[in-house]
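Accompanying notes for the structure given below.
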Amino acid sequence: MSEAPQQNRYWLALLRAPGVGPVRFRQILERFENPQHLFDSPSLCDSEQLRGYLKNPNWQAVDNDLKWLGQPGCHLLTLADEHYPSLLRDTFDAPPLLFLRGDPGLLASPQLAMVGSRNPDASGRETAHDFARALAASGIVITSGLALGIDTASHQGALDGGGQTIAVAGTGLDRVYPSSNRELAHAIIEGGGILLSEFPPGTPPQAGNFPKRNRIISGLSLGTLVVQAALRSGSLITARLAADQGREVFAIPGSIHNPLARGCHQLIRQGAKLVECTTDILEELAPQLHSILVEGDKDANTHQSPHNTLESEYLILLQAVGHEPTSVDQMIERCGLTAEAVSSMLLILELQGYVEATAGGYTRTTKRA
């Protein structure tokens, strides 16, 4: 999935160069194409500090990185890697390197970021879990930051929905922070998800790293959903970054007496979409989801559902739809699913070409599951 180890050495060495952040790193790539070219000709560099580093890079740290990458399931993606997520690459300050555990192919799946308070109330925690569960069951990958509170509930909800989730860490991936989420991190990997970080192994939990990782959470995703957030919540930073990146921003309203709802209310006043159910999100993202799913069909040369074959609940719902117009109420009665689940699943089935919306409800197409 990544370049040859020899080439990776130069990427990893440049990552630690003084004064070289994501934007500067990309500028260097535009000029030299490959980091090795810069190390081969340090005199061409216009920075005296950088020239000094290029002559004596931190190869010991690089060797430690490569040792970590040698473990099963560990990968490195560079900006030049074809598997580097395209949505994130399009952001102006995209991280030049991504360390990850899990299957890099999952990064190409449609993602929704879910963020919120680290100290939500019981209602917020339950809402995040239920939304993530329903969205994951619809084929959306849930992306969050592995923090306590809403992040944890979102990751767990995705797993409980039989879906997949991506956790973007603010530390190196040789550790789990907070440590109380160690079992959750293992469950994410075992469930086919990803642990991801721009920080190399050995990076401790430093306060400044967590705001930085927020741009990755939003940058990977089609949109960002804020569940509960106070006015000074870091989640509002993620929402602002999402808007700056041209992505959708969603917010769940709450009681006017709840201080954890005020951040969401502020976002809604600023133009975020008010969300009451998952259908509000799926309908807003439908054009992007359709584009991604159609492109995926072309790549596979076949039509596939979000989970490659229709899962049992989708089959049950599909069997409840006749070749004559069938109302949503009739489907609920026939299959026993909730109204919210039916609405979300119908949108996915419509995008996949299994059903068509008509004046009297939905009808089945000739496509076979």
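Order determines the names: the first chain of the structure tokens is A, the second B, and so forth; residues in each chain are numbered 1 upward, and ligands are numbered 1 upward as they are shown.
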
Exercise. So which residues touch A:Tyr314 within 12 Å, counting only C-alpha atoms, skipping near sequence neighbours fewer than 6 positions away, as a ChimeraX atom specification?
Worked result: /A:137-139,305-307,320-321,331,335,337,341-350,352,354-355,369

Can you spit out the residues from that selection as an mmCIF file, in the first residue's frame, using C-alpha atoms?
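Listing of selection-v2.cif after writing:
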data_model
loop_
_atom_site.group_PDB
_atom_site.id
_atom_site.type_symbol
_atom_site.label_atom_id
_atom_site.label_comp_id
_atom_site.auth_asym_id
_atom_site.auth_seq_id
_atom_site.Cartn_x
_atom_site.Cartn_y
_atom_site.Cartn_z
ATOM 1 C CA ALA A 137 -25.926 0.232 9.239
ATOM 2 C CA SER A 138 -26.651 2.322 6.122
ATOM 3 C CA GLY A 139 -23.073 1.914 4.921
ATOM 4 C CA SER A 305 -24.530 -2.486 -1.769
ATOM 5 C CA PRO A 306 -22.607 -0.603 0.956
ATOM 6 C CA HIS A 307 -21.590 -3.964 2.430
ATOM 7 C CA ALA A 320 -41.728 -5.639 1.905
ATOM 8 C CA VAL A 321 -41.727 -3.410 -1.201
ATOM 9 C CA MET A 331 -43.300 -1.315 4.861
ATOM 10 C CA CYS A 335 -41.030 -5.758 8.176
ATOM 11 C CA LEU A 337 -38.447 -1.989 11.490
ATOM 12 C CA ALA A 341 -34.512 2.830 10.016
ATOM 13 C CA VAL A 342 -36.841 2.321 7.054
ATOM 14 C CA SER A 343 -36.331 5.891 5.838
ATOM 15 C CA SER A 344 -32.530 5.616 6.024
ATOM 16 C CA MET A 345 -32.452 2.200 4.384
ATOM 17 C CA LEU A 346 -34.819 3.240 1.589
ATOM 18 C CA LEU A 347 -32.468 6.044 0.609
ATOM 19 C CA ILE A 348 -29.571 3.607 0.314
ATOM 20 C CA LEU A 349 -31.693 1.110 -1.654
ATOM 21 C CA GLU A 350 -32.786 3.915 -3.982
ATOM 22 C CA GLN A 352 -28.230 1.476 -5.266
ATOM 23 C CA TYR A 354 -33.154 -1.509 -5.932
ATOM 24 C CA VAL A 355 -36.240 0.698 -5.472
ATOM 25 C CA ALA A 369 -30.326 -8.418 -4.624
#

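Residues in contact with A:Asp151 at 10 Å, where only C-alpha atoms are counted and same-chain residues fewer than 3 positions away are skipped, are listed as Ala113, Met114, Val115, Gly116, Ser117, Arg118, Arg125, Ala128, His129, Ile142, Thr143, Ser144, Gly145, Leu146, Ala147, Leu148, Ser154, His155, Gln156, Gly157, Ala167 and Val227 of chain A.
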
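For the set A:Gly361, A:Gly219, A:Gly271, A:Pro325, the residue with the smallest atom-to-atom gap to A:Leu88 is A:Gly219, counting only C-alpha atoms.
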
For this session: Would you kindly return, as a VMD selection string, each protein, DNA or RNA residue with an atom no farther than 8 Å from any atom of A:Ala185, considering only C-alpha atoms and excluding same-chain residues fewer than 2 positions away?
Result: chain A and resid 146 167 176 181 to 183 187 to 189 195

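With atom CA of A:His265 on one side and atom CA of A:Glu340 on the other, the separation reads 23.2 Å.
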
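Using only C-alpha atoms, the nearest neighbour of A:Leu54 within the list A:Ser235, A:Gln27, A:Gln164, A:Gln36 is A:Gln36.
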
For this session: Determine which residues of stretch 90-152 of chain A DSSP labels as helix (DSSP H, G or I) from the backbone of this structure, then write them out as an NGL selection string.
Result: :A and (104-108 or 122-137 or 150-152)

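Each of A:Glu283, A:Asp121, A:Asp160, A:Asp130 was compared to A:Gly254 using only C-alpha atoms, and A:Asp121 turns out to be the nearest.
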
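Candidate residues A:Ser255, A:Asp40, A:Pro287, A:Thr91 were compared for distance to A:Leu241, and the nearest is A:Thr91, using only C-alpha atoms.
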
Problem set entry | Backbone-only DSSP, strand (DSSP E) members of stretch 214-297 of chain A, as a PyMOL selection string | chain A and resi 223-226+248-251+273-274

Exercise. Excluding same-chain residues fewer than 5 positions from stretch 71-82 of chain A, what lies within 10 Å of it counting only C-alpha atoms, as a PyMOL selection string?
Worked result: chain A and resi 1-3+5+8+11-12+26+29+33-34+65-66+88-89+94-104+173+189+194-198+200

Let's have the selection written as an mmCIF file, in the first residue's frame, with C-alpha atoms.
data_model
loop_
_atom_site.group_PDB
_atom_site.id
_atom_site.type_symbol
_atom_site.label_atom_id
_atom_site.label_comp_id
_atom_site.auth_asym_id
_atom_site.auth_seq_id
_atom_site.Cartn_x
_atom_site.Cartn_y
_atom_site.Cartn_z
ATOM 1 C CA MET A 1 0.000 0.000 0.000
ATOM 2 C CA SER A 2 2.922 2.345 0.529
ATOM 3 C CA GLU A 3 6.119 3.108 -1.289
ATOM 4 C CA PRO A 5 10.871 1.200 2.510
ATOM 5 C CA ASN A 8 9.756 5.880 3.002
ATOM 6 C CA TRP A 11 9.612 10.885 3.788
ATOM 7 C CA LEU A 12 9.935 9.964 7.452
ATOM 8 C CA ARG A 26 3.887 20.118 0.102
ATOM 9 C CA LEU A 29 7.255 18.188 -2.960
ATOM 10 C CA GLU A 33 8.851 15.794 -6.451
ATOM 11 C CA ASN A 34 10.454 13.303 -4.054
ATOM 12 C CA ASP A 65 9.223 4.208 12.641
ATOM 13 C CA LEU A 66 10.142 1.485 10.148
ATOM 14 C CA LEU A 88 -8.137 14.788 2.615
ATOM 15 C CA ARG A 89 -5.510 15.341 -0.089
ATOM 16 C CA ALA A 94 -3.180 17.815 4.368
ATOM 17 C CA PRO A 95 -0.730 15.781 6.462
ATOM 18 C CA PRO A 96 2.139 14.575 4.249
ATOM 19 C CA LEU A 97 2.177 11.181 5.968
ATOM 20 C CA LEU A 98 -0.512 9.028 7.527
ATOM 21 C CA PHE A 99 0.319 6.194 9.916
ATOM 22 C CA LEU A 100 -2.464 3.675 10.264
ATOM 23 C CA ARG A 101 -3.478 0.317 11.609
ATOM 24 C CA GLY A 102 -6.117 -1.559 9.638
ATOM 25 C CA ASP A 103 -7.100 -1.778 5.978
ATOM 26 C CA PRO A 104 -6.169 1.416 4.073
ATOM 27 C CA LEU A 173 -0.311 4.703 17.260
ATOM 28 C CA ILE A 189 -9.486 -2.897 14.367
ATOM 29 C CA ILE A 194 -8.848 1.967 11.205
ATOM 30 C CA LEU A 195 -6.708 3.744 13.786
ATOM 31 C CA LEU A 196 -5.010 6.665 12.050
ATOM 32 C CA SER A 197 -2.555 9.418 12.957
ATOM 33 C CA GLU A 198 -0.284 11.949 11.304
ATOM 34 C CA PRO A 200 4.839 9.020 14.241
#

Exercise. A:Leu274: which residues within 9 Å, counting only C-alpha atoms, same-chain residues fewer than 4 positions away excluded, as a PyMOL selection string?
Worked result: chain A and resi 250-253+264-265+267-268+280

Please, could you write that set of residues out with N, CA and C atoms as a PDB file, in the first residue's frame?
ATOM      1  N   PHE A 250     -23.532  19.572  10.207  1.00  0.00           N
ATOM      2  CA  PHE A 250     -24.822  19.222  10.789  1.00  0.00           C
ATOM      3  C   PHE A 250     -24.752  19.415  12.303  1.00  0.00           C
ATOM      4  N   ALA A 251     -25.868  19.776  12.894  1.00  0.00           N
ATOM      5  CA  ALA A 251     -25.908  19.953  14.349  1.00  0.00           C
ATOM      6  C   ALA A 251     -27.261  19.501  14.886  1.00  0.00           C
ATOM      7  N   ILE A 252     -27.225  18.840  16.038  1.00  0.00           N
ATOM      8  CA  ILE A 252     -28.446  18.374  16.689  1.00  0.00           C
ATOM      9  C   ILE A 252     -28.834  19.381  17.763  1.00  0.00           C
ATOM     10  N   PRO A 253     -30.021  19.948  17.693  1.00  0.00           N
ATOM     11  CA  PRO A 253     -30.437  20.935  18.692  1.00  0.00           C
ATOM     12  C   PRO A 253     -30.775  20.265  20.023  1.00  0.00           C
ATOM     13  N   CYS A 264     -24.218  23.831  19.534  1.00  0.00           N
ATOM     14  CA  CYS A 264     -24.982  23.366  18.376  1.00  0.00           C
ATOM     15  C   CYS A 264     -25.939  24.448  17.885  1.00  0.00           C
ATOM     16  N   HIS A 265     -26.580  25.142  18.807  1.00  0.00           N
ATOM     17  CA  HIS A 265     -27.500  26.209  18.417  1.00  0.00           C
ATOM     18  C   HIS A 265     -26.753  27.321  17.692  1.00  0.00           C
ATOM     19  N   LEU A 267     -24.056  26.941  15.875  1.00  0.00           N
ATOM     20  CA  LEU A 267     -23.753  26.429  14.535  1.00  0.00           C
ATOM     21  C   LEU A 267     -24.967  26.523  13.626  1.00  0.00           C
ATOM     22  N   ILE A 268     -26.141  26.209  14.165  1.00  0.00           N
ATOM     23  CA  ILE A 268     -27.361  26.277  13.353  1.00  0.00           C
ATOM     24  C   ILE A 268     -27.647  27.713  12.939  1.00  0.00           C
ATOM     25  N   ASP A 280     -32.238  13.216   7.683  1.00  0.00           N
ATOM     26  CA  ASP A 280     -31.830  14.599   7.394  1.00  0.00           C
ATOM     27  C   ASP A 280     -30.403  14.634   6.854  1.00  0.00           C
TER      28      ASP A 280
END

Problem set entry | Contact residues around A:Phe199 with only C-alpha atoms at 7 Å, ignoring same-chain residues under 2 positions, as a ChimeraX atom specification | /A:171-172,197,201,203

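With only C-alpha atoms as the atoms that count, the residue of A:Leu184, A:Leu289, A:Ile216, A:Leu38 with the shortest distance to A:Pro22 is A:Ile216.
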
Problem set entry | Distance of atom CA of A:Ala169 from atom CA of A:Cys277, expressed in Å to one decimal place | 28.0 Å

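Proximity to A:Phe131 was assessed for A:Tyr362, A:Gly322, A:Leu282, A:Pro110 counting only C-alpha atoms; the smallest distance is recorded for A:Leu282.
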
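Straight-line separation from atom CA of A:Gly336 to atom CA of A:Ala136: 19.6 Å.
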